[in-house]
Amino acid sequence: MIRVEVVLAWPDRAEVRALSLCEGATVGDAIQAAAIEGSAQCPAVAVHGLLATVTQVLHDGDRVELLRPLLADPKDNRRRRAGAGR
(Lines give C-alpha, C1' and ligand atoms only; values in the text may rest on other atoms or scores of the structure.)
Protein backbone atom coordinates (compact mmCIF):
# COMPACT_ATOMS: atom_id res chain seq x y z
CA MET A 1 0.00 0.00 0.00
CA ILE A 2 1.07 3.57 -0.66
CA ARG A 3 -0.14 6.72 1.05
CA VAL A 4 -0.97 9.75 -1.10
CA GLU A 5 -2.80 13.05 -0.72
CA VAL A 6 -5.23 14.59 -3.19
CA VAL A 7 -5.76 18.36 -2.89
CA LEU A 8 -8.13 20.85 -4.49
CA ALA A 9 -7.63 24.43 -3.32
CA TRP A 10 -10.25 27.16 -3.64
CA PRO A 11 -9.71 30.85 -2.77
CA ASP A 12 -11.41 30.42 0.60
CA ARG A 13 -10.79 26.76 1.46
CA ALA A 14 -8.96 23.57 0.51
CA GLU A 15 -10.22 20.01 0.22
CA VAL A 16 -7.59 17.45 1.21
CA ARG A 17 -7.99 13.69 1.15
CA ALA A 18 -5.36 11.31 2.56
CA LEU A 19 -5.63 7.93 0.83
CA SER A 20 -4.12 4.47 1.03
CA LEU A 21 -3.91 2.92 -2.43
CA CYS A 22 -2.47 -0.27 -3.87
CA GLU A 23 1.00 -0.25 -5.42
CA GLY A 24 0.76 0.76 -9.07
CA ALA A 25 -2.16 3.14 -8.51
CA THR A 26 -2.35 6.04 -10.95
CA VAL A 27 -3.21 9.71 -10.62
CA GLY A 28 -6.64 8.90 -12.08
CA ASP A 29 -7.19 6.19 -9.45
CA ALA A 30 -6.36 8.67 -6.69
CA ILE A 31 -8.69 11.35 -8.08
CA GLN A 32 -11.52 8.84 -8.33
CA ALA A 33 -10.92 7.49 -4.82
CA ALA A 34 -10.76 10.99 -3.33
CA ALA A 35 -14.19 11.88 -4.74
CA ILE A 36 -13.69 15.61 -4.18
CA GLU A 37 -16.62 17.71 -5.35
CA GLY A 38 -15.55 19.94 -8.25
CA SER A 39 -12.67 17.73 -9.39
CA ALA A 40 -14.37 17.08 -12.73
CA GLN A 41 -14.06 20.78 -13.61
CA CYS A 42 -10.27 20.78 -13.12
CA PRO A 43 -8.54 20.89 -16.52
CA ALA A 44 -5.12 19.78 -15.26
CA VAL A 45 -3.40 17.87 -12.48
CA ALA A 46 0.06 18.02 -10.92
CA VAL A 47 2.11 15.79 -8.65
CA HIS A 48 4.28 17.80 -6.28
CA GLY A 49 3.76 20.88 -8.48
CA LEU A 50 4.78 19.23 -11.78
CA LEU A 51 2.16 18.65 -14.48
CA ALA A 52 1.06 15.04 -14.63
CA THR A 53 -1.27 12.80 -16.59
CA VAL A 54 -4.03 10.64 -15.16
CA THR A 55 -2.08 7.54 -16.21
CA GLN A 56 1.04 8.48 -14.21
CA VAL A 57 1.87 5.90 -11.54
CA LEU A 58 2.04 7.26 -8.00
CA HIS A 59 4.63 6.61 -5.31
CA ASP A 60 4.35 6.58 -1.54
CA GLY A 61 4.06 10.13 -0.20
CA ASP A 62 2.97 11.76 -3.48
CA ARG A 63 0.70 14.80 -3.38
CA VAL A 64 -1.79 15.05 -6.26
CA GLU A 65 -2.91 18.63 -6.89
CA LEU A 66 -6.07 19.30 -8.89
CA LEU A 67 -5.57 22.53 -10.84
CA ARG A 68 -8.56 24.82 -11.27
CA PRO A 69 -9.14 26.79 -14.48
CA LEU A 70 -7.57 30.24 -14.62
CA LEU A 71 -9.99 33.11 -14.00
CA ALA A 72 -7.78 35.61 -15.82
CA ASP A 73 -5.00 35.36 -18.38
CA PRO A 74 -1.65 35.98 -16.59
CA LYS A 75 -0.22 37.68 -19.70
CA ASP A 76 -3.11 40.14 -19.81
CA ASN A 77 -2.67 40.87 -16.10
CA ARG A 78 1.05 41.63 -16.60
CA ARG A 79 0.31 43.89 -19.56
CA ARG A 80 -2.31 45.75 -17.55
CA ARG A 81 0.09 46.26 -14.61
CA ALA A 82 2.89 47.37 -16.93
CA GLY A 83 0.61 49.88 -18.66
CA ALA A 84 -0.56 51.32 -15.33
CA GLY A 85 3.02 52.13 -14.34
CA ARG A 86 3.57 54.56 -17.22
# chains A, B, ... in the order shown; residues from 1 in each chain; ligands from 1
call {"tool": "residues_around", "arguments": {"residues": "Asp29 (chain A)", "least_positions_apart": "6", "cutoff": "9 Å", "atoms": "only C-alpha atoms", "output": "ChimeraX atom specification"}}
result
/A:21,54-55
call {"tool": "select_by_dssp", "arguments": {"residues": "region 11-70 of chain A", "states": "helix (DSSP H, G or I)", "output": "list in words"}}
result
Val27, Gly28, Asp29, Ala30, Ile31, Gln32, Ala33, Ala34, Ser39, Ala40 and Gln41 of chain A
call {"tool": "residues_around", "arguments": {"residues": "Ser39 (chain A)", "least_positions_apart": "3", "cutoff": "8 Å", "atoms": "only C-alpha atoms", "output": "list in words"}}
result
Leu8, Ile31, Ala35, Ile36, Cys42 and Leu66 of chain A
call {"tool": "select_by_dssp", "arguments": {"residues": "chain A", "states": "strand (DSSP E or B)", "output": "MDAnalysis selection string"}}
result
chainID A and resid 2:9 14:21 26 44:47 50:52 57 63:67
call {"tool": "closest_residue", "arguments": {"among": "A:Ala34, A:Val7, A:Leu50, A:Ala44", "to": "Leu19 (chain A)", "atoms": "only C-alpha atoms"}}
result
A:Ala34
call {"tool": "residues_around", "arguments": {"residues": "Asp62 (chain A)", "least_positions_apart": "2", "cutoff": "10 Å", "atoms": "only C-alpha atoms", "output": "number ranges by chain"}}
result
A: 2-6, 27, 47-48, 58-60, 64-65
call {"tool": "atom_distance", "arguments": {"atom1": "CA of Ala33 (chain A)", "atom2": "CA of Arg17 (chain A)"}}
result
9.1 Å
call {"tool": "closest_residue", "arguments": {"among": "A:Gln56, A:Glu37, A:Asp76, A:Pro69", "to": "Glu15 (chain A)", "atoms": "only C-alpha atoms"}}
result
A:Glu37
call {"tool": "atom_distance", "arguments": {"atom1": "CA of Trp10 (chain A)", "atom2": "CA of Gln41 (chain A)"}}
result
12.4 Å
call {"tool": "decode", "arguments": {"residues": "region 21-40 of chain A", "atoms": "N, CA and C atoms", "output": "PDB file, in the first residue's frame"}}
result
ATOM      1  N   LEU A  21      -3.619   3.572  -1.153  1.00  0.00           N
ATOM      2  CA  LEU A  21      -3.914   2.920  -2.427  1.00  0.00           C
ATOM      3  C   LEU A  21      -2.958   1.757  -2.648  1.00  0.00           C
ATOM      4  N   CYS A  22      -3.334   0.864  -3.532  1.00  0.00           N
ATOM      5  CA  CYS A  22      -2.473  -0.267  -3.870  1.00  0.00           C
ATOM      6  C   CYS A  22      -1.281   0.201  -4.686  1.00  0.00           C
ATOM      7  N   GLU A  23      -0.175  -0.519  -4.582  1.00  0.00           N
ATOM      8  CA  GLU A  23       0.996  -0.254  -5.418  1.00  0.00           C
ATOM      9  C   GLU A  23       0.557  -0.248  -6.880  1.00  0.00           C
ATOM     10  N   GLY A  24       1.109   0.676  -7.663  1.00  0.00           N
ATOM     11  CA  GLY A  24       0.764   0.759  -9.075  1.00  0.00           C
ATOM     12  C   GLY A  24      -0.436   1.643  -9.356  1.00  0.00           C
ATOM     13  N   ALA A  25      -1.016   2.247  -8.311  1.00  0.00           N
ATOM     14  CA  ALA A  25      -2.158   3.143  -8.509  1.00  0.00           C
ATOM     15  C   ALA A  25      -1.728   4.365  -9.310  1.00  0.00           C
ATOM     16  N   THR A  26      -2.643   4.885 -10.103  1.00  0.00           N
ATOM     17  CA  THR A  26      -2.350   6.041 -10.953  1.00  0.00           C
ATOM     18  C   THR A  26      -2.982   7.314 -10.386  1.00  0.00           C
ATOM     19  N   VAL A  27      -2.626   8.424 -10.995  1.00  0.00           N
ATOM     20  CA  VAL A  27      -3.215   9.709 -10.621  1.00  0.00           C
ATOM     21  C   VAL A  27      -4.735   9.631 -10.766  1.00  0.00           C
ATOM     22  N   GLY A  28      -5.207   9.042 -11.863  1.00  0.00           N
ATOM     23  CA  GLY A  28      -6.644   8.900 -12.078  1.00  0.00           C
ATOM     24  C   GLY A  28      -7.317   8.078 -10.992  1.00  0.00           C
ATOM     25  N   ASP A  29      -6.649   7.015 -10.550  1.00  0.00           N
ATOM     26  CA  ASP A  29      -7.189   6.192  -9.455  1.00  0.00           C
ATOM     27  C   ASP A  29      -7.338   7.025  -8.184  1.00  0.00           C
ATOM     28  N   ALA A  30      -6.340   7.840  -7.897  1.00  0.00           N
ATOM     29  CA  ALA A  30      -6.364   8.666  -6.689  1.00  0.00           C
ATOM     30  C   ALA A  30      -7.479   9.709  -6.760  1.00  0.00           C
ATOM     31  N   ILE A  31      -7.641  10.333  -7.918  1.00  0.00           N
ATOM     32  CA  ILE A  31      -8.692  11.347  -8.076  1.00  0.00           C
ATOM     33  C   ILE A  31     -10.062  10.704  -7.877  1.00  0.00           C
ATOM     34  N   GLN A  32     -10.247   9.537  -8.468  1.00  0.00           N
ATOM     35  CA  GLN A  32     -11.521   8.840  -8.334  1.00  0.00           C
ATOM     36  C   GLN A  32     -11.774   8.434  -6.884  1.00  0.00           C
ATOM     37  N   ALA A  33     -10.762   7.918  -6.215  1.00  0.00           N
ATOM     38  CA  ALA A  33     -10.918   7.485  -4.823  1.00  0.00           C
ATOM     39  C   ALA A  33     -11.169   8.663  -3.881  1.00  0.00           C
ATOM     40  N   ALA A  34     -10.595   9.818  -4.193  1.00  0.00           N
ATOM     41  CA  ALA A  34     -10.755  10.994  -3.333  1.00  0.00           C
ATOM     42  C   ALA A  34     -12.181  11.534  -3.398  1.00  0.00           C
ATOM     43  N   ALA A  35     -12.810  11.432  -4.557  1.00  0.00           N
ATOM     44  CA  ALA A  35     -14.195  11.882  -4.740  1.00  0.00           C
ATOM     45  C   ALA A  35     -14.429  13.295  -4.214  1.00  0.00           C
ATOM     46  N   ILE A  36     -13.549  14.212  -4.600  1.00  0.00           N
ATOM     47  CA  ILE A  36     -13.686  15.606  -4.177  1.00  0.00           C
ATOM     48  C   ILE A  36     -14.652  16.314  -5.119  1.00  0.00           C
ATOM     49  N   GLU A  37     -15.656  16.971  -4.549  1.00  0.00           N
ATOM     50  CA  GLU A  37     -16.621  17.713  -5.349  1.00  0.00           C
ATOM     51  C   GLU A  37     -15.910  18.820  -6.116  1.00  0.00           C
ATOM     52  N   GLY A  38     -16.174  18.923  -7.409  1.00  0.00           N
ATOM     53  CA  GLY A  38     -15.546  19.937  -8.247  1.00  0.00           C
ATOM     54  C   GLY A  38     -14.329  19.440  -8.997  1.00  0.00           C
ATOM     55  N   SER A  39     -13.880  18.229  -8.723  1.00  0.00           N
ATOM     56  CA  SER A  39     -12.673  17.731  -9.388  1.00  0.00           C
ATOM     57  C   SER A  39     -12.878  17.533 -10.882  1.00  0.00           C
ATOM     58  N   ALA A  40     -14.098  17.284 -11.302  1.00  0.00           N
ATOM     59  CA  ALA A  40     -14.366  17.077 -12.728  1.00  0.00           C
ATOM     60  C   ALA A  40     -14.161  18.351 -13.541  1.00  0.00           C
TER      61      ALA A  40
END
